[in-house]
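Undergrad: One file: start11.csv (CSV, C-alpha atoms).
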```csv
chain,number,residue,atom,x,y,z
A,1,MET,CA,218.0,-52.9,30.5
A,2,SER,CA,216.4,-55.0,33.3
A,3,PRO,CA,217.8,-58.6,33.7
A,4,VAL,CA,216.3,-61.2,31.4
A,5,GLN,CA,216.0,-64.8,32.3
A,6,VAL,CA,215.7,-67.2,29.3
A,7,ARG,CA,214.5,-70.6,30.3
A,8,PRO,CA,212.4,-73.5,29.1
A,9,PHE,CA,208.6,-73.1,29.1
A,10,ARG,CA,206.9,-74.2,32.4
A,11,ARG,CA,203.3,-75.2,32.8
A,12,GLY,CA,202.8,-72.2,35.0
A,13,ASP,CA,203.6,-69.9,32.0
A,14,ARG,CA,200.6,-71.2,30.0
A,15,GLU,CA,198.2,-68.3,30.7
A,16,GLN,CA,200.8,-65.6,29.9
A,17,LEU,CA,201.9,-67.5,26.8
A,18,THR,CA,198.3,-67.9,25.6
A,19,GLU,CA,197.7,-64.1,26.1
A,20,LEU,CA,200.9,-63.4,24.1
A,21,VAL,CA,199.8,-65.7,21.3
A,22,ASN,CA,196.2,-64.3,21.1
A,23,ALA,CA,197.5,-60.7,21.0
A,24,HIS,CA,199.5,-61.6,17.9
A,25,VAL,CA,196.6,-63.6,16.3
A,26,GLN,CA,194.1,-60.8,16.8
A,27,ALA,CA,196.3,-58.3,15.1
A,28,VAL,CA,196.0,-60.4,12.0
A,29,VAL,CA,192.5,-62.0,12.1
A,30,PRO,CA,189.6,-60.1,13.7
A,31,GLY,CA,188.0,-61.6,16.7
A,32,VAL,CA,189.8,-64.9,16.7
A,33,SER,CA,191.5,-66.3,19.8
A,34,VAL,CA,192.7,-69.8,20.8
A,35,PRO,CA,192.3,-71.5,24.2
A,36,VAL,CA,195.1,-72.5,26.5
A,37,ASN,CA,194.8,-76.2,25.5
A,38,THR,CA,195.2,-75.4,21.8
A,39,VAL,CA,198.4,-73.5,22.5
A,40,MET,CA,199.7,-76.3,24.7
A,41,SER,CA,198.8,-78.9,22.1
A,42,GLN,CA,201.0,-77.1,19.5
A,43,LEU,CA,204.0,-77.2,21.8
A,44,GLU,CA,203.7,-81.0,21.8
A,45,ARG,CA,202.4,-81.8,18.3
A,46,ASP,CA,200.9,-79.8,15.5
A,47,PRO,CA,197.8,-81.7,14.2
A,48,GLY,CA,197.2,-79.2,11.5
A,49,GLU,CA,200.6,-80.0,9.9
A,50,PHE,CA,199.9,-83.7,9.2
A,51,ILE,CA,202.6,-83.9,6.5
A,52,VAL,CA,205.4,-81.9,8.1
A,53,ASP,CA,204.8,-82.5,11.8
A,54,PRO,CA,205.7,-86.2,11.8
A,55,TRP,CA,209.2,-85.2,10.5
A,56,VAL,CA,209.9,-83.3,13.8
A,57,ALA,CA,212.5,-85.1,15.9
A,58,GLU,CA,212.7,-82.6,18.8
A,59,ARG,CA,210.8,-79.6,20.1
A,60,LEU,CA,211.7,-76.9,22.6
A,61,THR,CA,209.8,-73.8,23.8
A,62,LEU,CA,211.7,-71.0,25.5
A,63,VAL,CA,210.4,-68.0,27.3
A,64,ALA,CA,212.1,-64.7,28.3
A,65,GLU,CA,211.1,-63.6,31.7
A,66,GLN,CA,211.7,-59.9,32.6
A,67,ARG,CA,210.6,-58.4,35.9
A,68,GLY,CA,208.5,-61.4,36.6
A,69,ARG,CA,206.6,-61.3,33.3
A,70,VAL,CA,206.9,-63.6,30.3
A,71,VAL,CA,207.6,-60.8,27.8
A,72,ALA,CA,208.8,-63.1,24.9
A,73,ALA,CA,208.5,-66.7,23.8
A,74,ALA,CA,209.7,-68.9,21.0
A,75,HIS,CA,209.0,-72.4,19.8
A,76,LEU,CA,211.8,-74.4,18.1
A,77,ARG,CA,211.8,-77.6,16.1
A,78,ARG,CA,214.5,-79.9,14.8
A,79,TYR,CA,213.6,-82.1,11.9
A,80,GLY,CA,215.0,-85.6,11.3
A,81,ALA,CA,217.7,-86.5,8.8
A,82,GLY,CA,216.3,-89.7,7.4
A,83,GLU,CA,215.0,-90.5,3.9
A,84,GLY,CA,211.4,-90.3,5.1
A,85,VAL,CA,211.8,-86.5,5.8
A,86,GLY,CA,211.0,-84.1,2.9
A,87,GLU,CA,214.2,-82.8,1.2
A,88,SER,CA,213.7,-79.2,2.2
A,89,TYR,CA,213.2,-80.1,5.9
A,90,ARG,CA,215.8,-82.9,6.1
A,91,ASP,CA,218.4,-82.1,8.7
A,92,ALA,CA,216.9,-78.6,9.3
A,93,ALA,CA,215.9,-76.7,12.4
A,94,GLU,CA,213.6,-73.7,12.8
A,95,ILE,CA,212.2,-71.1,15.0
A,96,GLY,CA,208.6,-72.1,14.4
A,97,TRP,CA,207.5,-68.8,15.9
A,98,LEU,CA,208.9,-66.0,18.1
A,99,LEU,CA,206.6,-63.5,19.8
A,100,TYR,CA,207.1,-60.6,22.2
A,101,TRP,CA,205.2,-57.7,23.6
A,102,PRO,CA,206.2,-54.5,21.6
A,103,GLN,CA,207.9,-51.8,23.5
A,104,ALA,CA,205.6,-49.4,25.4
A,105,SER,CA,206.1,-46.5,27.7
A,106,TYR,CA,205.5,-48.8,30.6
A,107,TRP,CA,207.8,-51.5,29.2
A,108,PRO,CA,210.5,-49.8,27.1
A,109,ASP,CA,213.0,-52.6,27.0
A,110,SER,CA,211.0,-55.6,25.6
A,111,ALA,CA,212.9,-55.5,22.3
A,112,GLU,CA,216.2,-56.1,24.2
A,113,ALA,CA,214.6,-59.1,25.9
A,114,ALA,CA,213.5,-60.4,22.5
A,115,ASP,CA,217.0,-60.1,21.3
A,116,VAL,CA,218.3,-62.1,24.3
A,117,LEU,CA,215.7,-64.8,23.6
A,118,THR,CA,216.7,-64.9,19.9
A,119,ALA,CA,220.3,-65.3,20.8
A,120,ALA,CA,219.4,-68.3,23.0
A,121,CYS,CA,217.3,-69.7,20.1
A,122,LEU,CA,220.3,-69.5,17.7
A,123,ALA,CA,222.5,-71.1,20.3
A,124,GLN,CA,220.0,-74.0,20.5
A,125,LEU,CA,219.9,-74.4,16.8
A,126,GLY,CA,223.7,-74.5,16.8
A,127,ARG,CA,223.7,-77.2,19.5
A,128,TRP,CA,221.3,-79.3,17.4
A,129,GLY,CA,223.8,-79.1,14.6
A,130,ALA,CA,221.2,-78.7,11.8
A,131,ALA,CA,222.5,-78.0,8.3
A,132,ARG,CA,219.7,-75.5,7.6
A,133,TRP,CA,218.1,-72.9,9.7
A,134,TYR,CA,214.6,-71.5,9.1
A,135,ALA,CA,212.2,-69.1,10.9
A,136,ASP,CA,208.4,-68.6,10.7
A,137,GLY,CA,205.4,-67.4,12.6
A,138,GLY,CA,202.9,-70.2,12.3
A,139,LEU,CA,200.4,-70.0,15.2
A,140,PRO,CA,197.5,-72.4,15.8
A,141,ALA,CA,194.9,-70.1,14.2
A,142,PRO,CA,193.8,-69.9,10.6
A,143,GLY,CA,195.5,-67.2,8.5
A,144,VAL,CA,198.4,-66.7,10.9
A,145,TYR,CA,201.7,-67.9,9.4
A,146,GLY,CA,204.9,-66.5,8.0
A,147,VAL,CA,205.6,-63.0,9.4
A,148,PRO,CA,202.5,-60.9,8.9
A,149,GLU,CA,202.9,-57.2,8.1
A,150,GLN,CA,201.2,-56.5,11.5
A,151,TRP,CA,204.2,-57.9,13.3
A,152,PRO,CA,207.0,-55.4,12.3
A,153,HIS,CA,208.6,-56.0,15.7
A,154,VAL,CA,209.0,-59.7,15.0
A,155,ARG,CA,210.4,-59.1,11.5
A,156,ALA,CA,212.9,-56.6,13.0
A,157,VAL,CA,214.1,-59.3,15.5
A,158,TYR,CA,214.5,-61.9,12.8
A,159,GLU,CA,216.4,-59.5,10.5
A,160,ARG,CA,218.7,-58.4,13.4
A,161,ALA,CA,219.5,-62.1,14.0
A,162,GLY,CA,220.5,-62.5,10.3
A,163,PHE,CA,217.4,-64.2,8.9
A,164,VAL,CA,216.5,-63.2,5.3
A,165,HIS,CA,213.1,-63.4,3.7
A,166,ASP,CA,213.8,-65.4,0.5
A,167,GLY,CA,210.3,-66.9,-0.1
A,168,HIS,CA,206.9,-65.7,-1.2
A,169,THR,CA,204.6,-63.0,0.1
A,170,GLU,CA,201.1,-64.3,0.5
A,171,VAL,CA,197.9,-62.3,0.8
A,172,VAL,CA,195.2,-63.5,3.3
A,173,LEU,CA,191.7,-62.3,2.6
A,174,LEU,CA,188.4,-62.5,4.4
A,175,ALA,CA,184.8,-62.2,3.1
A,176,ARG,CA,181.4,-62.1,4.9
A,177,VAL,CA,179.5,-64.9,3.4
A,178,ASP,CA,176.3,-62.8,3.3
A,179,GLU,CA,178.1,-60.3,1.0
A,180,LEU,CA,179.3,-63.0,-1.5
A,181,PRO,CA,177.4,-63.6,-4.7
A,182,ARG,CA,174.0,-65.4,-4.6
A,183,PRO,CA,173.3,-68.5,-6.7
A,184,SER,CA,172.5,-67.4,-10.3
A,185,PRO,CA,171.7,-68.9,-13.6
A,186,ALA,CA,174.7,-70.8,-15.1
A,187,PRO,CA,176.8,-68.4,-17.2
A,188,VAL,CA,177.4,-71.1,-19.8
A,189,ALA,CA,174.6,-73.2,-21.4
A,190,GLY,CA,174.5,-76.7,-20.0
A,191,LEU,CA,176.7,-75.9,-16.9
A,192,THR,CA,175.7,-77.9,-13.8
A,193,VAL,CA,177.2,-78.2,-10.3
A,194,ARG,CA,178.1,-81.4,-8.6
A,195,ARG,CA,179.1,-81.7,-4.9
A,196,ALA,CA,181.6,-84.3,-3.6
A,197,LEU,CA,184.3,-84.7,-1.1
A,198,GLY,CA,187.5,-82.9,-2.2
A,199,VAL,CA,191.1,-82.8,-1.2
A,200,ASN,CA,190.6,-79.7,1.0
A,201,GLY,CA,187.0,-79.8,2.0
A,202,THR,CA,183.7,-80.1,0.2
A,203,ARG,CA,184.2,-79.7,-3.6
A,204,LEU,CA,181.6,-78.0,-5.8
A,205,SER,CA,182.4,-78.7,-9.4
A,206,ALA,CA,181.2,-76.9,-12.5
A,207,CYS,CA,180.5,-79.5,-15.2
A,208,LEU,CA,179.7,-79.5,-18.9
A,209,GLY,CA,178.4,-83.0,-19.4
A,210,GLU,CA,181.2,-85.2,-18.0
A,211,GLU,CA,183.8,-82.5,-18.3
A,212,VAL,CA,184.8,-80.7,-15.1
A,213,VAL,CA,185.6,-77.1,-16.2
A,214,GLY,CA,186.2,-75.7,-12.7
A,215,TYR,CA,185.8,-76.3,-9.0
A,216,VAL,CA,185.9,-74.7,-5.6
A,217,GLU,CA,186.6,-76.5,-2.3
A,218,VAL,CA,185.6,-75.1,1.1
A,219,ALA,CA,186.3,-76.4,4.6
A,220,ALA,CA,183.1,-75.4,6.4
A,221,ASN,CA,184.2,-76.1,10.0
A,222,LEU,CA,187.5,-74.7,11.3
A,223,THR,CA,186.8,-75.6,14.9
A,224,ASP,CA,189.0,-78.7,14.7
A,225,GLY,CA,186.5,-81.0,16.4
A,226,GLY,CA,185.5,-78.3,18.9
A,227,ARG,CA,189.0,-77.4,20.1
A,228,LEU,CA,188.6,-74.0,18.5
A,229,ALA,CA,185.0,-73.2,19.4
A,230,GLN,CA,185.4,-69.5,18.6
A,231,LEU,CA,185.9,-70.4,15.0
A,232,ALA,CA,182.4,-71.8,14.6
A,233,GLY,CA,181.0,-69.9,11.6
A,234,TRP,CA,184.3,-69.6,9.9
A,235,ALA,CA,185.3,-71.5,6.7
A,236,ASP,CA,188.3,-71.7,4.4
A,237,VAL,CA,188.7,-71.9,0.6
A,238,GLY,CA,190.9,-74.9,-0.1
A,239,ASN,CA,191.0,-74.5,-3.9
A,240,LEU,CA,189.4,-72.4,-6.6
A,241,HIS,CA,190.3,-73.3,-10.2
A,242,VAL,CA,188.8,-72.8,-13.6
A,243,ALA,CA,190.2,-74.5,-16.7
A,244,GLU,CA,192.1,-72.0,-18.9
A,245,ALA,CA,189.7,-72.5,-21.9
A,246,HIS,CA,186.7,-71.5,-19.7
A,247,ARG,CA,188.1,-68.5,-17.9
A,248,ARG,CA,186.6,-65.0,-18.1
A,249,ARG,CA,183.1,-66.4,-18.7
A,250,GLY,CA,181.8,-66.0,-15.2
A,251,VAL,CA,182.4,-69.6,-14.1
A,252,ALA,CA,184.5,-68.6,-11.0
A,253,THR,CA,181.9,-66.1,-9.8
A,254,TRP,CA,179.1,-68.7,-10.4
A,255,LEU,CA,181.1,-71.3,-8.4
A,256,VAL,CA,181.7,-69.0,-5.5
A,257,GLY,CA,177.9,-68.2,-5.5
A,258,GLN,CA,177.2,-71.9,-5.3
A,259,ALA,CA,179.8,-72.3,-2.5
A,260,ALA,CA,178.4,-69.3,-0.6
A,261,ASP,CA,174.9,-70.8,-0.7
A,262,TRP,CA,176.2,-74.1,0.7
A,263,LEU,CA,178.0,-72.2,3.5
A,264,ARG,CA,174.9,-70.3,4.4
A,265,LEU,CA,173.1,-73.6,4.9
A,266,ALA,CA,175.9,-74.5,7.3
A,267,ARG,CA,175.5,-71.2,9.1
A,268,VAL,CA,178.9,-70.1,8.1
A,269,GLU,CA,179.5,-66.3,8.3
A,270,ARG,CA,183.2,-65.7,7.4
A,271,LEU,CA,185.3,-67.2,4.6
A,272,LEU,CA,189.1,-67.0,4.3
A,273,ASP,CA,191.0,-67.2,1.1
A,274,TYR,CA,194.7,-66.9,0.1
A,275,ALA,CA,196.8,-65.9,-2.9
A,276,TRP,CA,200.4,-65.0,-3.7
A,277,ALA,CA,201.0,-61.3,-4.0
A,278,GLU,CA,202.0,-61.7,-7.7
A,279,GLU,CA,198.7,-63.4,-8.6
A,280,GLU,CA,197.1,-60.0,-9.6
A,281,GLY,CA,194.3,-61.6,-11.6
A,282,CYS,CA,193.2,-63.8,-8.7
A,283,LEU,CA,193.4,-61.0,-6.2
A,284,ALA,CA,191.3,-58.7,-8.5
A,285,LEU,CA,188.7,-61.5,-8.8
A,286,LEU,CA,188.5,-62.1,-5.0
A,287,ARG,CA,188.1,-58.3,-4.4
A,288,ARG,CA,185.3,-58.1,-6.9
A,289,LEU,CA,183.6,-61.0,-5.2
A,290,GLY,CA,183.7,-59.2,-1.8
A,291,PHE,CA,186.9,-60.4,-0.2
A,292,ARG,CA,188.9,-57.8,1.7
A,293,GLU,CA,192.6,-58.0,2.5
A,294,LEU,CA,193.6,-58.9,6.1
A,295,THR,CA,197.3,-59.1,5.8
A,296,ARG,CA,200.4,-59.7,3.6
A,297,THR,CA,202.6,-62.3,5.2
A,298,ALA,CA,206.2,-63.1,4.4
A,299,ARG,CA,206.8,-66.8,4.1
A,300,GLY,CA,210.2,-68.4,3.9
A,301,TRP,CA,212.9,-67.1,6.2
A,302,SER,CA,216.3,-68.6,6.3
A,303,ARG,CA,219.8,-68.1,7.8
A,304,ARG,CA,223.2,-69.6,7.4
A,305,PRO,CA,224.0,-71.8,10.4
A,306,GLY,CA,226.5,-70.3,12.8
A,307,PRO,CA,226.9,-67.4,15.3
A,308,THR,CA,225.5,-63.9,14.5
A,309,PRO,CA,227.9,-62.0,12.4
```
Just give me the structure of the file as structure tokens.
TA:
Amino acid sequence: MSPVQVRPFRRGDREQLTELVNAHVQAVVPGVSVPVNTVMSQLERDPGEFIVDPWVAERLTLVAEQRGRVVAAAHLRRYGAGEGVGESYRDAAEIGWLLYWPQASYWPDSAEAADVLTAACLAQLGRWGAARWYADGGLPAPGVYGVPEQWPHVRAVYERAGFVHDGHTEVVLLARVDELPRPSPAPVAGLTVRRALGVNGTRLSACLGEEVVGYVEVAANLTDGGRLAQLAGWADVGNLHVAEAHRRRGVATWLVGQAADWLRLARVERLLDYAWAEEEGCLALLRRLGFRELTRTARGWSRRPGPTP
């Protein structure tokens, strides 16, 4: 194995780090990449995590340099121990993401470099003295979090380091908006649609008189104020819900048709949605509507604090 130098990230690493990030993003979500400034911003603050990010007390990004190349990188966070920090994060530390170039004929020892980097990460978590250790793969791009199935090399590194997946598996799906249902007559007599601001985007509600029997929310601009210009034309489903008494009557399909028409007016071409792997009914509905599966991603990795057994 060639010598590996693990050191803190330096500004001069930014292009190589961004290339590494985008290679992992594009294995999950087609055609998406993030600019250097977006990657650099996440190292300092994660604006997309407006609840959890303020709890972070300390951050550190490490890189593994091998034969003059940044072959692996990891971003670490330590969370505060105060009452204002959510219970599951209180006095915790995590590897927010760990990435490396898979082994190739021209670079056969990158996995060993990743293991050296992981050992340095565990040593840093130990120095922080956190009571709980977590790991994840959340990159600053939509649909890329947990450990996606397209990253078996990352999963293997985490497992060798003693991390265990003890959370959910989530399914990320993508639809072409022009293939989604078109607006159609209401499936229930008297059903109307109302549009308003929702919790996670624009909310389109299905109403019978004053009763809201279902709704869908869509965030129609994922460019984050222009920082992610390549995501122009992409949208995200924040919520899709139909009251139990009104299910299996076509309300969900009708709502998605209404949302798709709204997105077409906004010149949106791609729509992301998410479901837990065990939500078979939801997944079947999304597939019927035209969504296709991009990935299954393992969320929730943890490890006992301490040295590798």
Undergrad: One decimal, Å: what's the distance from atom CA of A:Gly68 over to atom CA of A:Leu117, could you say?
TA: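 Taking atom CA of A:Gly68 as the start and atom CA of A:Leu117 as the end point, the length is 15.2 Å.
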Undergrad: Given all atoms listed in the file as the basis, pick out the residue of A:Val218, A:Arg90, A:Leu272, A:Val147 nearest to A:Gly198.
TA: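 Checking each of A:Val218, A:Arg90, A:Leu272, A:Val147 against A:Gly198, counting all atoms listed in the file, the winner is A:Val218.
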Undergrad: As a compact mmCIF listing (two decimals) with C-alpha atoms, in the coordinates of the input, please: the residues near A:Leu62 (cut-off 8 Å, all atoms listed in the file, same-chain neighbours under 4 positions excluded).
TA:
```txt
# COMPACT_ATOMS: atom_id res chain seq x y z
CA VAL A 6 215.70 -67.20 29.30
CA ARG A 7 214.50 -70.60 30.30
CA PRO A 8 212.40 -73.50 29.10
CA PHE A 9 208.60 -73.10 29.10
CA ALA A 73 208.50 -66.70 23.80
CA ALA A 74 209.70 -68.90 21.00
CA HIS A 75 209.00 -72.40 19.80
CA LEU A 117 215.70 -64.80 23.60
CA CYS A 121 217.30 -69.70 20.10
```
Undergrad: Looking at A:Val171, A:Val213, A:Ala219, A:Val256, which one is nearest to A:Ala275, with distances taken over all atoms listed in the file?
TA: A:Val171
Undergrad: Work out how far apart atom CA of A:Thr253 and atom CA of A:Ala284 are and give it in Å to one decimal.
TA: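 Atom-to-atom, atom CA of A:Thr253 to atom CA of A:Ala284, that is 12.0 Å.
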Undergrad: Provide the atom CA of A:Trp301 to atom CA of A:Thr118 distance in Å, to one decimal place.
TA: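 Atom CA of A:Thr118 lies at a distance of 14.4 Å from atom CA of A:Trp301.
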Undergrad: Neighbouring residues of A:Tyr100 were defined as those with any atom within 8 Å, considering all atoms listed in the file; residues of the same chain fewer than 2 positions away were excluded. Please report them as number ranges by chain.
TA: A: 20, 71-73, 98, 102, 110-111, 114, 154
Undergrad: Pick the closest to A:Thr192 from A:Ala245, A:Val212, A:Leu289, A:Ala123: which is it, counting only C-alpha atoms?
TA: A:Val212
Undergrad: Restricting the calculation to only C-alpha atoms, which member of A:Leu191, A:Val63, A:Ala186, A:Val237 is positioned closest to A:Arg203?
TA: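 Counting only C-alpha atoms, the residue closest to A:Arg203 is A:Val237.
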Undergrad: Give me the residues of stretch 92-178 of chain A that have any atom at most 8 Å from an atom of stretch 27-36 of chain A; for each, the nearest atom pair and the distance in Å, rounded to one decimal. Use all atoms listed in the file, sort by chain and number, and format it as CSV.
TA:
```
residue,atom,partner,partner_atom,distance
A:Pro140,CA,A:Val34,CA,7.4
A:Ala141,CA,A:Val34,CA,7.0
A:Gly143,CA,A:Val29,CA,7.0
A:Val144,CA,A:Val28,CA,6.8
A:Pro148,CA,A:Val28,CA,7.2
A:Gln150,CA,A:Ala27,CA,6.3
```
Undergrad: Would you output that residue set with C-alpha atoms, as a JSON list (two decimals), in the frame of the given file?
TA:
```json
[["chain", "number", "residue", "atom", "x", "y", "z"],
["A", 140, "PRO", "CA", 197.50, -72.40, 15.80],
["A", 141, "ALA", "CA", 194.90, -70.10, 14.20],
["A", 143, "GLY", "CA", 195.50, -67.20, 8.50],
["A", 144, "VAL", "CA", 198.40, -66.70, 10.90],
["A", 148, "PRO", "CA", 202.50, -60.90, 8.90],
["A", 150, "GLN", "CA", 201.20, -56.50, 11.50]]
```
Undergrad: Between A:Glu83, A:Glu65, A:Glu19, A:Glu58, which is the closest to A:Trp128 once you count only C-alpha atoms?
TA: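 Of A:Glu83, A:Glu65, A:Glu19, A:Glu58, the one nearest A:Trp128 is A:Glu58, counting only C-alpha atoms.
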Undergrad: Rank A:Gly257, A:Pro185, A:Gly209, A:Gly201 by their smallest atom-to-atom distance to A:Asn239, using all atoms listed in the file, and report the top residue only.
TA: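 Nearest to A:Asn239: A:Gly201.
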Undergrad: Can you tell me which residues surround A:Ala119 at a distance of at most 12 Å, considering only C-alpha atoms, apart from same-chain residues fewer than 2 positions away, and format the answer as an MDAnalysis selection string?
TA: chainID A and resid 6 62 64 74 95 98 112:117 121:126 157:158 160:162 306:309
Undergrad: Write to file, as an mmCIF file, in the coordinates of the input, the residues of the selection just made, with C-alpha atoms.
TA:
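Printed below is again02.cif as written:
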```cif
data_model
loop_
_atom_site.group_PDB
_atom_site.id
_atom_site.type_symbol
_atom_site.label_atom_id
_atom_site.label_comp_id
_atom_site.auth_asym_id
_atom_site.auth_seq_id
_atom_site.Cartn_x
_atom_site.Cartn_y
_atom_site.Cartn_z
ATOM 1 C CA VAL A 6 215.700 -67.200 29.300
ATOM 2 C CA LEU A 62 211.700 -71.000 25.500
ATOM 3 C CA ALA A 64 212.100 -64.700 28.300
ATOM 4 C CA ALA A 74 209.700 -68.900 21.000
ATOM 5 C CA ILE A 95 212.200 -71.100 15.000
ATOM 6 C CA LEU A 98 208.900 -66.000 18.100
ATOM 7 C CA GLU A 112 216.200 -56.100 24.200
ATOM 8 C CA ALA A 113 214.600 -59.100 25.900
ATOM 9 C CA ALA A 114 213.500 -60.400 22.500
ATOM 10 C CA ASP A 115 217.000 -60.100 21.300
ATOM 11 C CA VAL A 116 218.300 -62.100 24.300
ATOM 12 C CA LEU A 117 215.700 -64.800 23.600
ATOM 13 C CA CYS A 121 217.300 -69.700 20.100
ATOM 14 C CA LEU A 122 220.300 -69.500 17.700
ATOM 15 C CA ALA A 123 222.500 -71.100 20.300
ATOM 16 C CA GLN A 124 220.000 -74.000 20.500
ATOM 17 C CA LEU A 125 219.900 -74.400 16.800
ATOM 18 C CA GLY A 126 223.700 -74.500 16.800
ATOM 19 C CA VAL A 157 214.100 -59.300 15.500
ATOM 20 C CA TYR A 158 214.500 -61.900 12.800
ATOM 21 C CA ARG A 160 218.700 -58.400 13.400
ATOM 22 C CA ALA A 161 219.500 -62.100 14.000
ATOM 23 C CA GLY A 162 220.500 -62.500 10.300
ATOM 24 C CA GLY A 306 226.500 -70.300 12.800
ATOM 25 C CA PRO A 307 226.900 -67.400 15.300
ATOM 26 C CA THR A 308 225.500 -63.900 14.500
ATOM 27 C CA PRO A 309 227.900 -62.000 12.400
#
```
Undergrad: Because some atoms of stretch 135-150 of chain A are absent here, can you restore N, CA, C and O atoms and send them as an mmCIF file, in the frame of the given file?
TA:
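The resulting file, selection-v9.cif, is shown below:
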```
data_model
loop_
_atom_site.group_PDB
_atom_site.id
_atom_site.type_symbol
_atom_site.label_atom_id
_atom_site.label_comp_id
_atom_site.auth_asym_id
_atom_site.auth_seq_id
_atom_site.Cartn_x
_atom_site.Cartn_y
_atom_site.Cartn_z
ATOM 1 N N ALA A 135 212.983 -69.805 9.892
ATOM 2 C CA ALA A 135 212.200 -69.100 10.900
ATOM 3 C C ALA A 135 210.779 -68.864 10.276
ATOM 4 O O ALA A 135 210.613 -68.773 9.054
ATOM 5 N N ASP A 136 209.781 -68.781 11.149
ATOM 6 C CA ASP A 136 208.400 -68.600 10.700
ATOM 7 C C ASP A 136 207.607 -67.992 11.841
ATOM 8 O O ASP A 136 208.166 -67.653 12.893
ATOM 9 N N GLY A 137 206.299 -67.879 11.621
ATOM 10 C CA GLY A 137 205.400 -67.400 12.600
ATOM 11 C C GLY A 137 204.080 -68.072 12.653
ATOM 12 O O GLY A 137 203.034 -67.454 12.838
ATOM 13 N N GLY A 138 204.117 -69.395 12.446
ATOM 14 C CA GLY A 138 202.900 -70.200 12.300
ATOM 15 C C GLY A 138 202.240 -70.447 13.676
ATOM 16 O O GLY A 138 202.731 -71.272 14.443
ATOM 17 N N LEU A 139 201.135 -69.792 13.968
ATOM 18 C CA LEU A 139 200.400 -70.000 15.200
ATOM 19 C C LEU A 139 199.189 -70.891 14.964
ATOM 20 O O LEU A 139 198.732 -71.024 13.820
ATOM 21 N N PRO A 140 198.633 -71.507 16.012
ATOM 22 C CA PRO A 140 197.500 -72.400 15.800
ATOM 23 C C PRO A 140 196.179 -71.741 15.609
ATOM 24 O O PRO A 140 195.205 -71.962 16.330
ATOM 25 N N ALA A 141 196.131 -70.874 14.613
ATOM 26 C CA ALA A 141 194.900 -70.100 14.200
ATOM 27 C C ALA A 141 194.928 -69.962 12.736
ATOM 28 O O ALA A 141 195.996 -69.797 12.140
ATOM 29 N N PRO A 142 193.787 -69.974 12.079
ATOM 30 C CA PRO A 142 193.800 -69.900 10.600
ATOM 31 C C PRO A 142 194.269 -68.486 10.160
ATOM 32 O O PRO A 142 193.991 -67.458 10.780
ATOM 33 N N GLY A 143 195.029 -68.497 9.062
ATOM 34 C CA GLY A 143 195.500 -67.200 8.500
ATOM 35 C C GLY A 143 196.691 -66.623 9.153
ATOM 36 O O GLY A 143 197.096 -65.517 8.763
ATOM 37 N N VAL A 144 197.277 -67.301 10.148
ATOM 38 C CA VAL A 144 198.400 -66.700 10.900
ATOM 39 C C VAL A 144 199.621 -67.607 10.682
ATOM 40 O O VAL A 144 199.755 -68.660 11.322
ATOM 41 N N TYR A 145 200.494 -67.183 9.782
ATOM 42 C CA TYR A 145 201.700 -67.900 9.400
ATOM 43 C C TYR A 145 202.664 -66.970 8.783
ATOM 44 O O TYR A 145 202.309 -65.826 8.476
ATOM 45 N N GLY A 146 203.890 -67.437 8.521
ATOM 46 C CA GLY A 146 204.900 -66.500 8.000
ATOM 47 C C GLY A 146 205.142 -65.407 9.010
ATOM 48 O O GLY A 146 205.027 -65.605 10.217
ATOM 49 N N VAL A 147 205.497 -64.229 8.513
ATOM 50 C CA VAL A 147 205.600 -63.000 9.400
ATOM 51 C C VAL A 147 204.658 -61.998 8.818
ATOM 52 O O VAL A 147 204.972 -61.310 7.842
ATOM 53 N N PRO A 148 203.457 -61.879 9.401
ATOM 54 C CA PRO A 148 202.500 -60.900 8.900
ATOM 55 C C PRO A 148 202.971 -59.480 9.013
ATOM 56 O O PRO A 148 203.770 -59.149 9.896
ATOM 57 N N GLU A 149 202.467 -58.624 8.136
ATOM 58 C CA GLU A 149 202.900 -57.200 8.100
ATOM 59 C C GLU A 149 202.498 -56.523 9.440
ATOM 60 O O GLU A 149 203.065 -55.468 9.776
ATOM 61 N N GLN A 150 201.554 -57.083 10.192
ATOM 62 C CA GLN A 150 201.200 -56.500 11.500
ATOM 63 C C GLN A 150 202.151 -56.781 12.590
ATOM 64 O O GLN A 150 201.953 -56.344 13.719
#
```
